[in-house]
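Q: Okay, handing you the structure first.
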Amino acid sequence: MLAPINESVMIAEIALDDFLPIFISSSLVLVFGAVYAIVFTFVKVGAFKPWVMPFGYLGWVLTAYCLYLMGSLMHVGEFTQKALIVTMIGYLFLPHAIYYMIDRVHEENEHEVVSDNS
Amino acid sequence: MAKRSVWSDNRFWQRSAAWVTGFASILLIWLTFDTSAQISMGTDADLQNGVTKRVPAPTVINYKITYEMDTVRGHEVPVIGEKEMFFGRDDWSEEEAAELLHLGKLGSQSKNCMNCHTLLGNGAYYAPDLTKAWLDPAWGPEGSLQSMTGKSSKEEAMAEFLQHPSQYPTHARMMPDLGITAEEAQGLVAFLKHMSSIDTNGFPRNFGKIKGAVHGK
Amino acid sequence: MMFEPFVDVVPSFFGWLNQGPLTLTIFLHTVIILPMFWIYKQEKARIEREG
Amino acid sequence: MASNHLTGVGSESKQLATWYFTFAAILFGAQLLFGLVAAIQYVMPGFLFEIVDFSVARMIHINALVVWMVFAMFGAVYWLLPDETGIETVGIKIGKLLFWVFAGAIVVVVLVYLLVQVGPATESSIWLIHEGREYIEAPRWADFGIVVVALGFVFNLFATGMKGKQTGIVTVLMADMLAFAGLYLTGMFFTDNISVDQFWWWWVIHLWVEATWEVYVGAIAAYGLITMIGAHRKVVEMWLWIEVAMLFGSGILGLGHHYFWIGTPEYWWEIGALFSALEPLPLVAMFIHVLYDWGKTQGAEEAKGNPASVINNKPAFTWFVLNAFGNFLGAGIWGFFHTLPQVNLYTHGTQFTSAHGHLAFFGAYATILIGMMYMAVQGTNGIKVMKSTKSTIAATWMIAGGVMGMGIALTIAGYVQVMVSRAQMGATWAGYFDGQSGMWFAQAMDWRLFMGAVTMLGFVFLAKDLLSIGKATHHER
């Protein structure tokens, strides 16, 4: 009945020197993630010129890198690392989907006569 | 007018919001039942039969508690060992121990411990974490805090300090005199000993394992 | 390593779902998201009906 | 109804709202004052020792925080109800009576905190003095008072919402405020089992702050966008529903990130980590939404050849934008970087939590509530387009800058604590004090005090501005 002692299950210690990179990279995940979303939205609505768009995608690349860095420094495990990659691919499409949604609702409502609720 | 999309439909999102909120709430309630069963206090019989509970019975004060690495779970866990004297006795009955813990928990709240210290990591950060204070080497036989009070056991040293904190300044940031009586101090120490036996999934990590900070790593 | 198989002291339903890395959380996310497809279909049908 | 919101004159509900805002602002001042005392004690431990100890100062600091926010939240709802429903609030007399009951009880509670401070370890201390549970220290007698007041408030909201026009905003608020009041009940009992105690304690604290309060902010932001820049109601309300789905979807089970280390089972690691990792998403969405709507309405006006700003209340809108940004920064970024259990194992119970608390409470809640106060000033003074004064600008910069500075200082202090006290010495007594005496830690605490003083000064400007801006002559009337 005695469970075999499996050293690999031991929760890996975070190296002292890794704390700062972890904190910074995890903050940057959100910062770059927001940069991507904001640049994408603003270019689409015309607040930014179209040439800014590549910087938005650069934001996405940096988000993915920071998430990868954070995951590996925290020793999250192989499967989790893969799940994080899938998450990032999902995040690539998210602003597209949100923009599509927000744009549709504006389009539909701009053609309506605004009389019911203002 | 453009063809209407479900994604920009108010009703779709309203129903989705209702579903997500309702279902997440149900899951939380279910999880709460499951967790409540696991964190309810054990009994004295559990302790005698070696049944591991996340929160053991108050009579855990009759036993020696250590904090050891569990290689299966991958982190440190409290281990309840052989009998140990607590204020000169190791035969605190279930009622006596429960009463003592009750007094200690009431004391921890009425003296407002949590607004300077952290308990299980929650509270204020003005004074040390008390989660495993009972196991702190500073209160042990060779510890500076025990020798400072001139007492010969951990529990007596802690109780003495709690009653007269101003007499034993350990740092420029001192604990104020909170009018803790001898009886209340005994209860508080029992509360601390009980808290150290709670299975906190390995928090705090490395407790008391490494001596000396920056220069001694 | 904290999203790895379950090694807790007391077995339970949620512990049982925690069989491998992330299984519990992926399961919960899925059961929350899946019914939204059904809501989507219903609303789509309604919008088409309304023209 | 188009310009009804511009005037509070004649609406008893709006008059009551101004009472709530006034008392909230006073408590905000008290919060900052006692926060300053606690900050001084970190730098000079002898300050007011055994007169107003750190525990007392901090208790008042965080209780005043919670209570001023609840007051301002009630006030904001009383303010917007006539606009949204198109009728006067039902049960306004009860509302006014309850205001005095609530305010009176708060004064008594604070006096007892200050003058009695601690009691013996008995049930009666819990009933009469305080409960000693962070954030919800209010003694048991006051708990029952709070429940009565909250029920009265929820009743008024429901009665008005059901009698008048029930907009999406009112519907969300009704459901949300019911949950908000109901959750308080889970924090009203005593148990010897500290794990059970903290389990339910988090039901109140987390489900308030990271679920019901956030949804409340979503609803208020929706109202603000409609009244201040004339955003399209249908668009705003659709977004509100999306936000509700995202906030509750991540926030309710995100509760798990408080259940990593309090004696609760290990499966909370996964639930807490992955649901709370999603919590920033709705905050990003809210931020983009505010800017998108602003750009869109401004653009539409400019297309019509009308280049003037669409914002009819500059100070309030500034605070609303600060809210969108601060919510993402304080709750999102500062929350995310210590929410995963691998890292939280070391950061739990350090100054990191404190940094996150300061930035998140300010960014997510204080900002939008201050914005609502400015809207009330505009309404009661019948101003068509309200512009900023020098005091508005000074207050905004000093408060926002001060809190940001405190957040950064506390983050540095937290980092020292994680490295020294946690990663190396494992949270022992000696490890704790080694961390506290590090040079970086000590200097961070000096900066925190300085930034706290800046915030306090900003508050003085804010109070002066709220009292005088309505009389300024440069607004369009």
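In the structure tokens, the first chain shown is A, the next is B, and so on; residue numbers restart at 1 for each chain, and ligands run from 1 in the order shown.
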Contacts of segment 102-108 of chain A at 12 Å or less, counting only C-alpha atoms, minus same-chain residues fewer than 5 places along, as a PyMOL selection string?
A: (chain A and resi 41+44-45+95-97+113-114) or (chain B and resi 1-10) or (chain D and resi 231-239+242+285+288-289+292-293+296-297+300)
Q: Find the residues of chain D that sit at most 8 Å from chain A; for each, write down the nearest two atoms and how far apart they are in Å, to one decimal. Count only C-alpha atoms. Sort by chain, then by number going up, and give it as JSON lines.
A:
{"residue": "D:Met1", "atom": "CA", "partner": "A:Ser118", "partner_atom": "CA", "distance": 7.3}
{"residue": "D:Ala2", "atom": "CA", "partner": "A:Ser118", "partner_atom": "CA", "distance": 6.2}
{"residue": "D:Arg233", "atom": "CA", "partner": "A:Asn117", "partner_atom": "CA", "distance": 7.5}
{"residue": "D:Lys234", "atom": "CA", "partner": "A:Asn109", "partner_atom": "CA", "distance": 7.6}
{"residue": "D:Val235", "atom": "CA", "partner": "A:Val105", "partner_atom": "CA", "distance": 6.4}
{"residue": "D:Pro280", "atom": "CA", "partner": "A:Leu30", "partner_atom": "CA", "distance": 8.0}
{"residue": "D:Val284", "atom": "CA", "partner": "A:Ala34", "partner_atom": "CA", "distance": 6.5}
{"residue": "D:Ile288", "atom": "CA", "partner": "A:Ile38", "partner_atom": "CA", "distance": 6.5}
{"residue": "D:Tyr292", "atom": "CA", "partner": "A:Phe42", "partner_atom": "CA", "distance": 7.7}
{"residue": "D:Gly295", "atom": "CA", "partner": "A:Ala47", "partner_atom": "CA", "distance": 7.6}
{"residue": "D:Lys296", "atom": "CA", "partner": "A:Val45", "partner_atom": "CA", "distance": 7.8}
{"residue": "D:Gly332", "atom": "CA", "partner": "A:Leu30", "partner_atom": "CA", "distance": 7.7}
{"residue": "D:Ile333", "atom": "CA", "partner": "A:Ser27", "partner_atom": "CA", "distance": 5.5}
{"residue": "D:Trp334", "atom": "CA", "partner": "A:Ser27", "partner_atom": "CA", "distance": 7.3}
{"residue": "D:Phe336", "atom": "CA", "partner": "A:Ser26", "partner_atom": "CA", "distance": 7.1}
{"residue": "D:Phe337", "atom": "CA", "partner": "A:Ser26", "partner_atom": "CA", "distance": 5.2}
{"residue": "D:His338", "atom": "CA", "partner": "A:Phe23", "partner_atom": "CA", "distance": 7.7}
{"residue": "D:Gln342", "atom": "CA", "partner": "A:Met74", "partner_atom": "CA", "distance": 6.5}
{"residue": "D:Val343", "atom": "CA", "partner": "A:Met74", "partner_atom": "CA", "distance": 7.5}
{"residue": "D:Met419", "atom": "CA", "partner": "A:Leu16", "partner_atom": "CA", "distance": 6.8}
{"residue": "D:Ala423", "atom": "CA", "partner": "A:Leu16", "partner_atom": "CA", "distance": 7.0}
Q: For Ser250 of chain D, find every residue with an atom within 6 Å (counting only C-alpha atoms), except residues of its own chain fewer than 2 positions away, and show them as a ChimeraX atom specification.
A: /D:247-248,252,254,275,278-279
Q: Go ahead and save the residues from that selection, with C-alpha atoms, as a compact mmCIF listing (two decimals), in the first residue's frame.
A:
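Writing the result to again_25.txt gives the following:
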# COMPACT_ATOMS: atom_id res chain seq x y z
CA LEU D 247 -16.63 38.90 -14.14
CA PHE D 248 -18.84 36.35 -12.43
CA ILE D 252 -16.88 33.38 -8.36
CA GLY D 254 -11.56 32.69 -8.57
CA PHE D 275 -10.12 30.95 -12.80
CA LEU D 278 -8.91 34.92 -16.21
CA GLU D 279 -9.97 37.72 -13.87
Q: Which of segment 6-176 of chain D end up as alpha helix (DSSP H) when DSSP is run on this backbone - answer as number ranges by chain?
A: D: 12-43, 54-85, 92-115, 123-128, 140-163, 168-176
Q: Quick one: which chain D residues come within 6 Å of chain B, and what is the nearest atom pair for each with the distance in Å to one decimal, counting only C-alpha atoms, rows ordered by chain and ascending number, as a tab-separated table?
A:
residue	atom	partner	partner_atom	distance
D:Pro45	CA	B:Arg173	CA	5.1
D:Glu50	CA	B:Pro176	CA	5.8
D:Ser55	CA	B:Asn115	CA	4.6
D:Val118	CA	B:Lys111	CA	5.4
D:Gly119	CA	B:Ser110	CA	5.8
D:Ala121	CA	B:Gly107	CA	4.2
D:Ser125	CA	B:Ser110	CA	6.0
D:Glu131	CA	B:Gln109	CA	5.8
D:Gly132	CA	B:Gln109	CA	4.1
D:Asp192	CA	B:His102	CA	5.5
D:Met238	CA	B:Asn10	CA	5.1
D:Trp241	CA	B:Gln14	CA	5.5
D:Ile242	CA	B:Trp13	CA	5.9
D:Val244	CA	B:Ala17	CA	5.9
D:Ala245	CA	B:Ala17	CA	4.0
D:Phe248	CA	B:Thr21	CA	5.5
D:Gly249	CA	B:Val20	CA	5.6
D:Trp261	CA	B:Thr200	CA	4.6
D:Ile262	CA	B:Thr200	CA	5.4
D:Gly263	CA	B:Thr200	CA	4.4
D:His348	CA	B:Gly121	CA	6.0
D:Gly349	CA	B:Gly121	CA	4.5
D:Val420	CA	B:Ala213	CA	5.9
D:Met425	CA	B:Ile210	CA	5.4
D:Gly426	CA	B:Phe207	CA	3.9
D:Thr428	CA	B:Asp136	CA	5.9
D:Trp429	CA	B:Pro128	CA	5.7
D:Tyr432	CA	B:Pro128	CA	5.7
Q: Create the file for the chosen residues now, containing C-alpha atoms and written as a PDB file, in the first residue's frame.
A:
ATOM      1  CA  PRO D  45       7.587  52.273  15.891  1.00  0.00           C
ATOM      2  CA  GLU D  50      -0.001  51.925  23.536  1.00  0.00           C
ATOM      3  CA  SER D  55      -3.694  47.306  15.231  1.00  0.00           C
ATOM      4  CA  VAL D 118      -9.516  45.577  23.219  1.00  0.00           C
ATOM      5  CA  GLY D 119     -11.647  43.534  25.573  1.00  0.00           C
ATOM      6  CA  ALA D 121     -11.474  36.962  25.617  1.00  0.00           C
ATOM      7  CA  SER D 125     -16.184  41.499  23.424  1.00  0.00           C
ATOM      8  CA  GLU D 131     -14.842  40.855  16.093  1.00  0.00           C
ATOM      9  CA  GLY D 132     -11.137  41.013  15.306  1.00  0.00           C
ATOM     10  CA  ASP D 192     -13.217  27.773  17.038  1.00  0.00           C
ATOM     11  CA  MET D 238     -24.817  44.597 -24.212  1.00  0.00           C
ATOM     12  CA  TRP D 241     -24.006  41.712 -19.879  1.00  0.00           C
ATOM     13  CA  ILE D 242     -20.751  40.483 -21.379  1.00  0.00           C
ATOM     14  CA  VAL D 244     -21.248  40.296 -15.973  1.00  0.00           C
ATOM     15  CA  ALA D 245     -20.650  36.942 -17.659  1.00  0.00           C
ATOM     16  CA  PHE D 248     -18.837  36.355 -12.426  1.00  0.00           C
ATOM     17  CA  GLY D 249     -17.529  33.533 -14.599  1.00  0.00           C
ATOM     18  CA  TRP D 261      -3.003  27.702   2.259  1.00  0.00           C
ATOM     19  CA  ILE D 262      -5.715  27.966   4.894  1.00  0.00           C
ATOM     20  CA  GLY D 263      -6.192  24.255   5.527  1.00  0.00           C
ATOM     21  CA  HIS D 348       1.076  35.175   0.534  1.00  0.00           C
ATOM     22  CA  GLY D 349       0.913  37.408   3.590  1.00  0.00           C
ATOM     23  CA  VAL D 420      14.600  37.277   2.756  1.00  0.00           C
ATOM     24  CA  MET D 425      14.059  31.820   6.123  1.00  0.00           C
ATOM     25  CA  GLY D 426      10.584  30.383   5.710  1.00  0.00           C
ATOM     26  CA  THR D 428      10.006  32.370  11.085  1.00  0.00           C
ATOM     27  CA  TRP D 429      10.198  35.091  13.703  1.00  0.00           C
ATOM     28  CA  TYR D 432      10.485  38.105   9.496  1.00  0.00           C
TER      29      TYR D 432
END
Q: Write down as a VMD selection string the residues of segment 33-203 of chain B whose backbone DSSP state falls under strand (DSSP E).
A: chain B and resid 63 to 70 75 to 83 118 to 119 122 to 123
Q: List as a short mmCIF file (atom, residue, chain, number, x, y, z; two decimals) with C-alpha atoms, in the first residue's frame the protein and nucleic acid residues near Asn62 of chain B, meaning an atom at most 6 Å away when only C-alpha atoms are counted, but skip any in the same chain fewer than 5 places from it.
A:
data_model
loop_
_atom_site.label_atom_id
_atom_site.label_comp_id
_atom_site.auth_asym_id
_atom_site.auth_seq_id
_atom_site.Cartn_x
_atom_site.Cartn_y
_atom_site.Cartn_z
CA LYS B 83 2.79 12.55 23.60
CA GLU B 84 4.20 15.84 24.85
CA ASP B 90 -0.37 15.48 28.49
#
Q: Using only C-alpha atoms, which residues sit within 7 Å of Gly371 of chain D once same-chain residues fewer than 4 positions away are excluded, as a list of chain:residue names?
A: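 Counting only C-alpha atoms, the residues come to D:Ala316, D:Phe317, D:Trp319, D:Phe320, D:Thr367, D:Met375.
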Q: Given only C-alpha atoms as the basis, pick out the residue of B:Glu155, B:Glu94, B:Asp46, B:Glu76 nearest to chain A.
A: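 Going through B:Glu155, B:Glu94, B:Asp46, B:Glu76 one by one, the smallest distance to chain A is for B:Glu76.
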Q: Can you work out the spacing between atom CA of Ile383 of chain D and atom CA of Ile311 of chain D in Å, to one decimal?
A: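 These two atoms are separated by 12.7 Å.
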Q: Could you check how far atom CA of Gln378 of chain D sits from atom CA of Ala76 of chain D, in Å to one decimal?
A: 13.5 Å
Q: Record the distance separating atom CA of Phe155 of chain D and atom CA of Ala364 of chain D, expressed in Å with one decimal.
A: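 Straight-line distance from atom CA of Phe155 of chain D to atom CA of Ala364 of chain D works out to 26.3 Å.
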